[in-house]
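Everything below belongs to input-v3.pdb, which stores PDB, C-alpha atoms.
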ATOM      1  CA  MET A 270      34.007-184.174  -9.702
ATOM      2  CA  MET A 271      35.239-183.286 -13.188
ATOM      3  CA  ARG A 272      38.868-183.521 -12.093
ATOM      4  CA  ILE A 273      38.401-187.016 -10.662
ATOM      5  CA  LYS A 274      36.733-188.243 -13.849
ATOM      6  CA  LYS A 275      39.508-186.759 -16.001
ATOM      7  CA  ALA A 276      42.144-188.449 -13.822
ATOM      8  CA  SER A 277      40.339-191.745 -14.168
ATOM      9  CA  ASN A 278      40.339-191.436 -17.940
ATOM     10  CA  VAL A 279      44.048-190.822 -17.906
ATOM     11  CA  LEU A 280      44.683-193.931 -15.807
ATOM     12  CA  LEU A 281      42.538-196.080 -18.062
ATOM     13  CA  THR A 282      44.427-194.823 -21.100
ATOM     14  CA  LEU A 283      47.802-195.649 -19.546
ATOM     15  CA  ALA A 284      46.625-199.153 -18.564
ATOM     16  CA  GLY A 285      45.432-199.751 -22.085
ATOM     17  CA  LEU A 286      48.742-198.701 -23.528
ATOM     18  CA  PHE A 287      50.551-201.036 -21.127
ATOM     19  CA  LEU A 288      48.361-203.983 -22.059
ATOM     20  CA  LEU A 289      48.807-203.208 -25.738
ATOM     21  CA  SER A 290      52.565-203.161 -25.403
ATOM     22  CA  SER A 291      52.446-206.447 -23.450
ATOM     23  CA  CYS A 292      50.439-208.149 -26.179
ATOM     24  CA  LYS A 293      53.033-207.212 -28.757
ATOM     25  CA  LYS A 294      55.796-209.178 -26.925
ATOM     26  CA  THR A 295      56.533-212.698 -28.330
ATOM     27  CA  VAL A 296      57.256-215.655 -26.012
ATOM     28  CA  ASP A 297      60.531-217.401 -26.963
ATOM     29  CA  TYR A 298      59.854-221.102 -26.226
ATOM     30  CA  GLU A 299      62.844-223.477 -25.726
ATOM     31  CA  HIS A 300      63.628-225.241 -28.986
ATOM     32  CA  GLU A 301      63.632-229.029 -29.193
ATOM     33  CA  PRO A 302      67.256-230.268 -29.385
ATOM     34  CA  ALA A 303      68.299-231.133 -32.918
ATOM     35  CA  ASN A 304      70.530-234.061 -31.928
ATOM     36  CA  GLN A 305      68.245-236.663 -30.363
ATOM     37  CA  VAL A 306      67.398-240.300 -30.986
ATOM     38  CA  THR A 307      63.626-240.228 -31.312
ATOM     39  CA  SER A 308      62.968-243.958 -31.737
ATOM     40  CA  TYR A 309      64.874-247.207 -31.148
ATOM     41  CA  LYS A 310      63.112-250.466 -31.968
ATOM     42  CA  VAL A 311      63.959-254.094 -32.686
ATOM     43  CA  ALA A 312      61.795-256.476 -34.700
ATOM     44  CA  VAL A 313      60.836-259.741 -32.956
ATOM     45  CA  SER A 314      58.566-262.625 -33.875
ATOM     46  CA  ASP A 315      55.381-260.912 -32.685
ATOM     47  CA  GLY A 316      56.112-257.240 -33.303
ATOM     48  CA  TYR A 317      58.706-254.827 -31.971
ATOM     49  CA  LEU A 318      60.659-254.174 -28.792
ATOM     50  CA  TYR A 319      61.053-250.451 -28.142
ATOM     51  CA  GLY A 320      64.027-248.933 -26.381
ATOM     52  CA  SER A 321      63.523-246.484 -23.534
ATOM     53  CA  ILE A 322      65.329-243.244 -24.468
ATOM     54  CA  ASN A 323      66.672-241.047 -21.666
ATOM     55  CA  ASN A 324      67.805-237.658 -22.968
ATOM     56  CA  ILE A 325      69.097-236.585 -19.553
ATOM     57  CA  ASP A 326      71.510-239.483 -19.005
ATOM     58  CA  ASN A 327      71.829-239.988 -22.769
ATOM     59  CA  THR A 328      71.062-243.694 -22.592
ATOM     60  CA  ILE A 329      68.918-246.112 -24.575
ATOM     61  CA  THR A 330      67.693-249.093 -22.543
ATOM     62  CA  LEU A 331      66.295-252.075 -24.438
ATOM     63  CA  TYR A 332      64.429-254.647 -22.350
ATOM     64  CA  VAL A 333      64.481-258.114 -23.965
ATOM     65  CA  PRO A 334      62.335-260.921 -22.495
ATOM     66  CA  PHE A 335      64.477-264.062 -22.248
ATOM     67  CA  TYR A 336      61.981-266.226 -24.137
ATOM     68  CA  TYR A 337      62.810-264.518 -27.435
ATOM     69  CA  GLU A 338      66.219-266.262 -27.138
ATOM     70  CA  LEU A 339      67.928-263.471 -29.056
ATOM     71  CA  THR A 340      71.651-263.657 -29.679
ATOM     72  CA  VAL A 341      71.842-260.288 -31.434
ATOM     73  CA  VAL A 342      69.465-257.377 -31.909
ATOM     74  CA  ASP A 343      69.136-255.595 -35.248
ATOM     75  CA  PRO A 344      67.847-252.106 -34.411
ATOM     76  CA  GLU A 345      65.913-249.555 -36.418
ATOM     77  CA  ILE A 346      66.840-246.033 -35.293
ATOM     78  CA  THR A 347      65.253-242.662 -36.094
ATOM     79  CA  VAL A 348      66.719-239.305 -35.097
ATOM     80  CA  SER A 349      65.700-235.632 -35.049
ATOM     81  CA  VAL A 350      64.636-234.043 -38.344
ATOM     82  CA  GLY A 351      67.737-233.095 -40.314
ATOM     83  CA  ALA A 352      70.052-235.040 -37.976
ATOM     84  CA  ALA A 353      72.184-238.064 -38.807
ATOM     85  CA  LEU A 354      73.897-240.919 -36.963
ATOM     86  CA  LYS A 355      77.668-240.833 -37.015
ATOM     87  CA  GLU A 356      77.948-244.638 -36.665
ATOM     88  CA  GLU A 357      76.678-247.302 -39.045
ATOM     89  CA  ILE A 358      73.645-249.152 -37.700
ATOM     90  CA  LEU A 359      74.818-252.736 -37.218
ATOM     91  CA  PRO A 360      73.446-255.815 -35.421
ATOM     92  CA  VAL A 361      74.452-255.798 -31.751
ATOM     93  CA  PRO A 362      75.381-258.944 -29.754
ATOM     94  CA  ILE A 363      73.011-259.097 -26.825
ATOM     95  CA  THR A 364      75.929-259.289 -24.367
ATOM     96  CA  ASP A 365      77.766-256.246 -25.788
ATOM     97  CA  THR A 366      78.115-253.518 -23.150
ATOM     98  CA  ALA A 367      80.155-251.041 -25.182
ATOM     99  CA  VAL A 368      77.777-249.800 -27.887
ATOM    100  CA  TYR A 369      77.352-246.052 -28.444
ATOM    101  CA  TYR A 370      75.430-243.939 -30.958
ATOM    102  CA  THR A 371      76.387-240.354 -31.806
ATOM    103  CA  VAL A 372      73.694-238.083 -33.262
ATOM    104  CA  VAL A 373      74.888-235.067 -35.271
ATOM    105  CA  GLY A 374      72.172-232.383 -35.351
ATOM    106  CA  SER A 375      71.329-230.114 -38.270
ATOM    107  CA  ASP A 376      72.852-227.270 -36.243
ATOM    108  CA  GLY A 377      76.157-229.143 -35.895
ATOM    109  CA  SER A 378      75.603-230.131 -32.253
ATOM    110  CA  THR A 379      76.265-233.721 -31.153
ATOM    111  CA  ARG A 380      74.861-236.081 -28.535
ATOM    112  CA  LYS A 381      76.313-239.500 -27.624
ATOM    113  CA  TYR A 382      74.010-242.268 -26.343
ATOM    114  CA  LYS A 383      75.026-245.480 -24.571
ATOM    115  CA  LEU A 384      73.026-248.628 -25.326
ATOM    116  CA  ASP A 385      72.090-250.860 -22.383
ATOM    117  CA  ILE A 386      70.456-254.218 -23.154
ATOM    118  CA  GLU A 387      68.613-255.760 -20.201
ATOM    119  CA  VAL A 388      67.494-259.368 -20.547
ATOM    120  CA  GLN A 389      64.325-259.928 -18.518
ATOM    121  CA  LYS A 390      64.452-263.306 -16.797
ATOM    122  CA  ILE A 391      62.124-265.709 -14.943
ATOM    123  CA  GLY A 392      64.192-265.409 -11.787
ATOM    124  CA  VAL A 393      67.651-264.967 -10.366
ATOM    125  CA  LEU A 394      70.376-267.028 -12.075
ATOM    126  CA  THR A 395      71.357-269.989  -9.877
ATOM    127  CA  VAL A 396      73.561-273.070 -10.082
ATOM    128  CA  SER A 397      72.605-276.297  -8.329
ATOM    129  CA  GLU A 398      75.017-277.353  -5.584
ATOM    130  CA  GLN A 399      76.713-280.726  -6.056
ATOM    131  CA  SER A 400      78.561-280.538  -2.747
ATOM    132  CA  SER A 401      77.546-279.394   0.726
ATOM    133  CA  ALA A 402      79.138-278.340   3.991
ATOM    134  CA  THR A 403      79.578-282.010   4.923
ATOM    135  CA  TYR A 404      80.024-283.672   1.513
ATOM    136  CA  THR A 405      82.302-282.952  -1.442
ATOM    137  CA  ALA A 406      81.393-284.399  -4.844
ATOM    138  CA  THR A 407      84.378-285.918  -6.666
ATOM    139  CA  TYR A 408      85.185-286.184 -10.352
ATOM    140  CA  SER A 409      88.186-287.160 -12.427
ATOM    141  CA  PRO A 410      89.774-284.919 -15.042
ATOM    142  CA  ASN A 411      88.507-286.006 -18.488
ATOM    143  CA  GLU A 412      85.167-287.088 -16.965
ATOM    144  CA  ASN A 413      81.741-285.774 -17.962
ATOM    145  CA  ILE A 414      79.765-283.550 -15.606
ATOM    146  CA  GLU A 415      76.156-282.322 -15.669
ATOM    147  CA  VAL A 416      75.387-278.830 -14.350
ATOM    148  CA  GLY A 417      71.924-277.584 -13.436
ATOM    149  CA  GLY A 418      70.258-274.452 -12.134
ATOM    150  CA  MET A 419      67.820-271.651 -12.900
ATOM    151  CA  LEU A 420      69.380-270.654 -16.223
ATOM    152  CA  ASN A 421      66.565-268.573 -17.782
ATOM    153  CA  THR A 422      67.253-270.024 -21.218
ATOM    154  CA  VAL A 423      66.988-273.209 -23.245
ATOM    155  CA  ASP A 424      69.612-272.066 -25.748
ATOM    156  CA  ILE A 425      72.828-273.992 -25.081
ATOM    157  CA  GLY A 426      74.825-271.316 -26.884
ATOM    158  CA  LYS A 427      73.993-268.776 -24.181
ATOM    159  CA  VAL A 428      75.173-270.920 -21.249
ATOM    160  CA  HIS A 429      78.875-270.853 -20.365
ATOM    161  CA  VAL A 430      80.105-273.218 -17.646
ATOM    162  CA  SER A 431      83.568-273.133 -16.126
ATOM    163  CA  LEU A 432      85.494-274.526 -13.176
ATOM    164  CA  VAL A 433      87.319-272.084 -10.899
ATOM    165  CA  ASN A 434      90.326-273.346  -8.948
ATOM    166  CA  LYS A 435      89.748-272.559  -5.271
ATOM    167  CA  ILE A 436      93.413-271.687  -4.640
ATOM    168  CA  THR A 437      94.546-269.969  -7.845
ATOM    169  CA  GLN A 438      91.108-268.637  -8.907
ATOM    170  CA  LYS A 439      91.993-269.609 -12.478
ATOM    171  CA  SER A 440      88.871-270.254 -14.543
ATOM    172  CA  THR A 441      88.712-273.089 -17.110
ATOM    173  CA  ALA A 442      85.812-273.257 -19.554
ATOM    174  CA  LEU A 443      83.959-276.528 -20.054
ATOM    175  CA  SER A 444      82.637-277.602 -23.445
ATOM    176  CA  GLY A 445      81.126-280.635 -25.106
ATOM    177  CA  ASP A 446      83.073-283.876 -24.986
ATOM    178  CA  GLY A 447      82.782-284.421 -28.721
ATOM    179  CA  THR A 448      80.905-287.710 -28.368
ATOM    180  CA  SER A 449      77.899-287.140 -26.100
ATOM    181  CA  ALA A 450      75.320-284.514 -27.023
ATOM    182  CA  TYR A 451      76.168-281.125 -25.574
ATOM    183  CA  THR A 452      72.587-280.179 -24.722
ATOM    184  CA  ILE A 453      70.296-278.375 -22.342
ATOM    185  CA  SER A 454      67.063-279.805 -20.945
ATOM    186  CA  VAL A 455      64.419-278.404 -18.597
ATOM    187  CA  GLY A 456      63.193-280.193 -15.480
ATOM    188  CA  GLY A 457      60.844-279.234 -12.680
ATOM    189  CA  ASN A 458      60.650-275.714 -11.205
ATOM    190  CA  ASN A 459      62.208-274.265 -14.385
ATOM    191  CA  THR A 460      65.541-275.891 -13.529
ATOM    192  CA  ALA A 461      67.656-276.501 -16.618
ATOM    193  CA  TYR A 462      70.409-279.085 -16.986
ATOM    194  CA  VAL A 463      73.471-278.863 -19.229
ATOM    195  CA  GLY A 464      74.759-282.300 -20.216
ATOM    196  CA  GLY A 465      77.684-283.595 -22.246
ATOM    197  CA  LEU A 466      80.190-281.298 -20.532
ATOM    198  CA  ARG A 467      83.738-282.644 -20.318
ATOM    199  CA  ILE A 468      86.198-281.719 -17.574
ATOM    200  CA  PRO A 469      89.534-281.081 -19.357
ATOM    201  CA  GLY A 470      92.063-283.841 -18.773
ATOM    202  CA  THR A 471      94.764-281.227 -18.286
ATOM    203  CA  LEU A 472      93.291-279.847 -15.052
ATOM    204  CA  ASP A 473      95.193-280.459 -11.840
ATOM    205  CA  THR A 474      93.601-282.258  -8.929
ATOM    206  CA  GLY A 475      92.112-280.117  -6.171
ATOM    207  CA  LEU A 476      88.998-278.121  -5.302
ATOM    208  CA  TYR A 477      87.013-276.242  -7.948
ATOM    209  CA  TYR A 478      83.902-274.082  -7.849
ATOM    210  CA  ILE A 479      81.311-274.385 -10.628
ATOM    211  CA  ARG A 480      80.614-271.062 -12.344
ATOM    212  CA  VAL A 481      77.762-270.441 -14.781
ATOM    213  CA  LYS A 482      77.372-267.377 -16.984
ATOM    214  CA  VAL A 483      74.212-266.608 -18.973
ATOM    215  CA  TYR A 484      74.038-263.368 -20.951
ATOM    216  CA  ASN A 485      75.882-260.877 -18.691
ATOM    217  CA  ASP A 486      74.931-262.584 -15.409
ATOM    218  CA  SER A 487      77.142-265.090 -13.616
ATOM    219  CA  VAL A 488      76.832-267.201 -10.489
ATOM    220  CA  GLN A 489      79.251-269.492  -8.661
ATOM    221  CA  SER A 490      78.553-272.513  -6.471
ATOM    222  CA  GLN A 491      78.931-272.012  -2.742
ATOM    223  CA  TYR A 492      80.656-275.354  -2.256
ATOM    224  CA  PRO A 493      83.455-276.745  -4.477
ATOM    225  CA  ILE A 494      83.804-280.141  -6.129
ATOM    226  CA  ARG A 495      87.052-282.101  -5.930
ATOM    227  CA  LEU A 496      89.055-283.430  -8.883
ATOM    228  CA  VAL A 497      91.028-286.601  -8.176
ATOM    229  CA  TYR A 498      92.975-289.067 -10.282
ATOM    230  CA  THR A 499      91.374-292.491 -10.553
ATOM    231  CA  GLN A 500      92.233-295.836 -12.120
ATOM    232  CA  PRO A 501      92.994-295.118 -15.804
ATOM    233  CA  GLN A 502      90.480-296.584 -18.240
ATOM    234  CA  LEU A 503      91.490-297.031 -21.890
ATOM    235  CA  LEU A 504      89.967-297.482 -25.345
ATOM    236  CA  LEU A 505      91.840-299.833 -27.688
ATOM    237  CA  LEU A 506      89.701-301.304 -30.440
ATOM    238  CA  ASN A 507      91.162-302.672 -33.678
ATOM    239  CA  PRO A 508      94.141-300.277 -33.990
ATOM    240  CA  THR A 509      95.731-299.744 -37.409
ATOM    241  CA  ALA A 510      99.320-298.796 -38.195
ATOM    242  CA  THR A 511     101.762-298.880 -41.078
ATOM    243  CA  VAL A 512     104.820-301.136 -41.048
ATOM    244  CA  GLY A 513     107.199-299.622 -38.486
ATOM    245  CA  GLY A 514     104.562-296.934 -37.704
ATOM    246  CA  THR A 515     102.586-295.956 -34.616
ATOM    247  CA  PHE A 516      99.044-296.107 -33.257
ATOM    248  CA  THR A 517      97.251-294.315 -30.425
ATOM    249  CA  ILE A 518      95.570-295.619 -27.267
ATOM    250  CA  GLN A 519      92.865-293.290 -25.910
ATOM    251  CA  SER A 520      91.775-292.764 -22.330
ATOM    252  CA  TYR A 521      88.112-293.135 -21.343
ATOM    253  CA  ASN A 522      86.615-290.718 -18.776
ATOM    254  CA  THR A 523      89.919-290.651 -16.869
ATOM    255  CA  VAL A 524      93.433-289.344 -17.326
ATOM    256  CA  ILE A 525      96.522-291.439 -17.947
ATOM    257  CA  THR A 526      98.903-291.266 -14.999
ATOM    258  CA  ARG A 527     101.809-293.420 -13.747
ATOM    259  CA  LEU A 528     102.223-295.186 -17.109
ATOM    260  CA  ASN A 529     104.832-297.929 -17.092
ATOM    261  CA  SER A 530     104.782-299.933 -20.359
ATOM    262  CA  VAL A 531     102.700-301.350 -23.200
ATOM    263  CA  SER A 532     103.071-304.927 -24.443
ATOM    264  CA  GLY A 533     101.162-307.374 -26.618
ATOM    265  CA  VAL A 534     100.950-311.151 -26.841
ATOM    266  CA  ILE A 535     100.600-312.676 -30.318
ATOM    267  CA  ASP A 536     100.538-316.477 -30.702
ATOM    268  CA  GLY A 537     102.006-316.886 -27.230
ATOM    269  CA  VAL A 538     104.917-314.504 -27.861
ATOM    270  CA  THR A 539     105.156-311.220 -25.894
ATOM    271  CA  TYR A 540     106.234-308.081 -27.789
ATOM    272  CA  GLN A 541     107.014-304.663 -26.365
ATOM    273  CA  PHE A 542     105.318-301.666 -27.974
ATOM    274  CA  PRO A 543     107.605-298.742 -27.024
ATOM    275  CA  VAL A 544     105.839-295.573 -25.849
ATOM    276  CA  VAL A 545     106.647-292.721 -28.246
ATOM    277  CA  SER A 546     104.662-290.020 -26.428
ATOM    278  CA  GLN A 547     101.991-289.552 -23.798
ATOM    279  CA  THR A 548      99.452-286.893 -22.848
ATOM    280  CA  ALA A 549      96.746-286.837 -20.209
ATOM    281  CA  THR A 550      94.398-288.599 -22.626
ATOM    282  CA  THR A 551      96.563-290.466 -25.180
ATOM    283  CA  ILE A 552      99.406-292.952 -25.446
ATOM    284  CA  VAL A 553     101.247-293.192 -28.772
ATOM    285  CA  VAL A 554     103.147-296.461 -29.214
ATOM    286  CA  SER A 555     105.310-297.769 -32.048
ATOM    287  CA  VAL A 556     104.928-301.106 -33.795
ATOM    288  CA  PRO A 557     107.962-303.436 -33.486
ATOM    289  CA  ALA A 558     110.144-303.167 -36.578
ATOM    290  CA  THR A 559     109.911-306.948 -37.143
ATOM    291  CA  PHE A 560     106.166-306.780 -37.831
ATOM    292  CA  LYS A 561     105.119-307.196 -41.452
ATOM    293  CA  ALA A 562     101.841-306.197 -43.051
ATOM    294  CA  GLY A 563      98.993-308.358 -41.831
ATOM    295  CA  SER A 564      96.253-308.803 -39.251
ATOM    296  CA  TYR A 565      97.272-309.901 -35.737
ATOM    297  CA  ILE A 566      94.989-311.022 -32.908
ATOM    298  CA  THR A 567      96.751-309.352 -29.994
ATOM    299  CA  THR A 568      96.230-309.329 -26.236
ATOM    300  CA  PHE A 569      97.475-305.919 -25.115
ATOM    301  CA  THR A 570      98.531-305.151 -21.544
ATOM    302  CA  VAL A 571      99.189-301.633 -20.298
ATOM    303  CA  LEU A 572     101.058-301.492 -16.985
ATOM    304  CA  PHE A 573     100.845-298.603 -14.515
ATOM    305  CA  ASN A 574     102.724-297.787 -11.330
ATOM    306  CA  GLY A 575     100.245-297.963  -8.468
ATOM    307  CA  TRP A 576      97.179-298.714 -10.640
ATOM    308  CA  GLU A 577      95.785-301.998 -11.870
ATOM    309  CA  SER A 578      96.900-303.065 -15.337
ATOM    310  CA  PHE A 579      94.634-302.714 -18.361
ATOM    311  CA  THR A 580      94.205-305.769 -20.614
ATOM    312  CA  THR A 581      92.185-306.244 -23.777
ATOM    313  CA  THR A 582      92.247-308.547 -26.807
ATOM    314  CA  THR A 583      91.705-306.980 -30.219
ATOM    315  CA  THR A 584      92.907-307.094 -33.828
ATOM    316  CA  LEU A 585      96.026-305.127 -34.787
ATOM    317  CA  ALA A 586      96.094-304.313 -38.517
ATOM    318  CA  ILE A 587      99.457-303.544 -40.108
ATOM    319  CA  THR A 588      99.312-302.020 -43.607
TER     320      THR A 588
END

Please re-express this file's structure in structure tokens.
Amino acid sequence: MMRIKKASNVLLTLAGLFLLSSCKKTVDYEHEPANQVTSYKVAVSDGYLYGSINNIDNTITLYVPFYYELTVVDPEITVSVGAALKEEILPVPITDTAVYYTVVGSDGSTRKYKLDIEVQKIGVLTVSEQSSATYTATYSPNENIEVGGMLNTVDIGKVHVSLVNKITQKSTALSGDGTSAYTISVGGNNTAYVGGLRIPGTLDTGLYYIRVKVYNDSVQSQYPIRLVYTQPQLLLLNPTATVGGTFTIQSYNTVITRLNSVSGVIDGVTYQFPVVSQTATTIVVSVPATFKAGSYITTFTVLFNGWESFTTTTTLAIT
């Protein structure tokens, strides 16, 4: 019995020594990286928007509800203690997809983050169809067009409308016509309408799709519209010219095609006003050299080949 007890004491002593040596070991926990973005936030009208930081993919995703109508974001960025950003913190256009931030840690290590800005919308971007499988809407170059759809914004500066040639796929941006208000309005079912858009007078006739881009999303109509030349309409109201000079006749919601000549009747006498130059939207004519300074009530006639003539009576002022 004494031998068994002594053996037990020996075993207990060895176990104690083992436990004691185990307690003396220190656990080496993994250190937090010294090169991280720890916070990314953007001030808005009612607080802050916070970016979601992914240190595995090294991305920062900022979700921006569309109703803030932001054009740029001006971030506030914090990084690991002792670290610094390599780049200057600048405002970022909301459509910019090539923004990166490089964090240099206190230990000299670096980490590069990509910024992704996601605009949260009411629904999928759409454009209202103006044509169908059995009907093709027609317009003339230099005519106004209204475009509608689910645009997820009421900021006209964020909506970009263009026409895409069905054959060449060339895209032509539309902008305001310079006279009507280039605006956006909201109708039923959150459909927005962009008005005051002018189809460029330089576009060729043919089929064109309507394309709308808002933020980084774009959508194109399923069915194209058709551009056709129509009877030219002109604006000629009280033109002014110097002796022997020129004046300009403007088109109105059409383009000028098949021009033949410009003449004017003053006191029963017909005078030719030679065409100096012509574009899709203007005619520049010269005043006959025999005209002296004065005010002339003139009946102008513009002749076209294949179109009806344009006639108007107005006052021609020669200075």

Counting only C-alpha atoms, select every polymer residue within 8 Å of (65.5, -270.7, -25.0) as defined in the file's coordinates, and provide the selection as a CSV table (one decimal) with C-alpha atoms, keeping the file's coordinate frame.
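Output file selection13.csv follows:
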chain,number,residue,atom,x,y,z
A,335,PHE,CA,64.5,-264.1,-22.2
A,336,TYR,CA,62.0,-266.2,-24.1
A,337,TYR,CA,62.8,-264.5,-27.4
A,338,GLU,CA,66.2,-266.3,-27.1
A,421,ASN,CA,66.6,-268.6,-17.8
A,422,THR,CA,67.3,-270.0,-21.2
A,423,VAL,CA,67.0,-273.2,-23.2
A,424,ASP,CA,69.6,-272.1,-25.7

Open item on the list: Could you tell me, as a PyMOL selection string, exactly which residues end up selected when the PyMOL selection byres ((chain A and resi 396) around 9) is applied to this structure?
Closed with: chain A and resi 394-395+397-398+416-420+479-481+488-490

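Residue nearest Val341 in chain A within the list A:Tyr492, A:Phe516, A:Phe542, A:Tyr484: A:Tyr484 [criterion: smallest interatomic distance, all atoms listed in the file].
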
Quick one: residues within 8 Å of Ala549 in chain A, all atoms listed in the file counted, chain neighbours fewer than 3 positions away excluded, as a PDB file with C-alpha atoms, in the frame of the given file?
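After the write, part.pdb holds the following:
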ATOM      1  CA  GLY A 470      92.063-283.841 -18.773  1.00  0.00           C
ATOM      2  CA  THR A 471      94.764-281.227 -18.286  1.00  0.00           C
ATOM      3  CA  VAL A 524      93.433-289.344 -17.326  1.00  0.00           C
ATOM      4  CA  ILE A 525      96.522-291.439 -17.947  1.00  0.00           C
ATOM      5  CA  THR A 526      98.903-291.266 -14.999  1.00  0.00           C
TER       6      THR A 526
END

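Using only C-alpha atoms, the smallest distance between any of A:Thr437, A:Thr581, A:Thr588, A:Asn458 and Thr509 in chain A comes from A:Thr588.
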
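Listed by chain and then by number, the residues chosen by the PyMOL selection byres ((chain A and resi 411) around 9) in this file are Tyr408, Ser409, Pro410, Glu412, Asn413, Asp446, Arg467, Ile468, Pro469, Gly470, Thr471, Leu472, Ser520, Tyr521, Asn522, Thr523, Val524, Ala549 and Thr550 of chain A.
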
TODO: Name the residues that the PyMOL selection byres ((chain A and resi 362-374) around 7) picks from the file above, as a ChimeraX atom specification, using the file's chain letters and numbers.
DONE: /A:303-305,340-342,351-356,360-361,375-386,484-485

Task: Contacts of Val306 in chain A at 8 Å (all atoms listed in the file; same-chain gap of 6+ positions) as a ChimeraX atom specification - done: /A:322,346-349,372

TODO: Could you tell me which of A:Ile325, A:Ile358, A:Ala510, A:Leu504 comes closest to Ser564 in chain A if we count all atoms listed in the file?
DONE: A:Ala510

TODO: Would you work out the distance separating CA of Leu585 in chain A from CA of Pro501 in chain A, expressed in Å to one decimal?
DONE: 21.7 Å

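Between CA of Val497 in chain A and CA of Asp473 in chain A the separation is 8.3 Å.
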
Some atoms are missing, so please complete range 388-399 of chain A with N, CA and C atoms and return it as a compact mmCIF listing (two decimals), in the coordinates of the input.
# COMPACT_ATOMS: atom_id res chain seq x y z
N VAL A 388 68.26 -258.16 -20.28
CA VAL A 388 67.49 -259.37 -20.55
C VAL A 388 66.59 -259.64 -19.35
N GLN A 389 65.29 -259.68 -19.59
CA GLN A 389 64.32 -259.93 -18.52
C GLN A 389 64.16 -261.42 -18.32
N LYS A 390 64.36 -261.88 -17.09
CA LYS A 390 64.45 -263.31 -16.80
C LYS A 390 63.29 -263.78 -15.93
N ILE A 391 63.14 -265.13 -15.83
CA ILE A 391 62.12 -265.71 -14.94
C ILE A 391 62.49 -265.40 -13.50
N GLY A 392 63.74 -265.61 -13.16
CA GLY A 392 64.19 -265.41 -11.79
C GLY A 392 65.69 -265.19 -11.76
N VAL A 393 66.22 -265.19 -10.56
CA VAL A 393 67.65 -264.97 -10.37
C VAL A 393 68.43 -266.19 -10.87
N LEU A 394 69.52 -265.95 -11.58
CA LEU A 394 70.38 -267.03 -12.08
C LEU A 394 70.95 -267.81 -10.90
N THR A 395 70.82 -269.14 -10.94
CA THR A 395 71.36 -269.99 -9.88
C THR A 395 72.08 -271.18 -10.49
N VAL A 396 72.91 -271.81 -9.69
CA VAL A 396 73.56 -273.07 -10.08
C VAL A 396 73.32 -274.08 -8.96
N SER A 397 72.91 -275.27 -9.33
CA SER A 397 72.60 -276.30 -8.33
C SER A 397 73.90 -276.77 -7.65
N GLU A 398 73.85 -276.90 -6.35
CA GLU A 398 75.02 -277.35 -5.58
C GLU A 398 75.20 -278.87 -5.73
N GLN A 399 76.41 -279.30 -6.00
CA GLN A 399 76.71 -280.73 -6.06
C GLN A 399 77.40 -281.20 -4.78
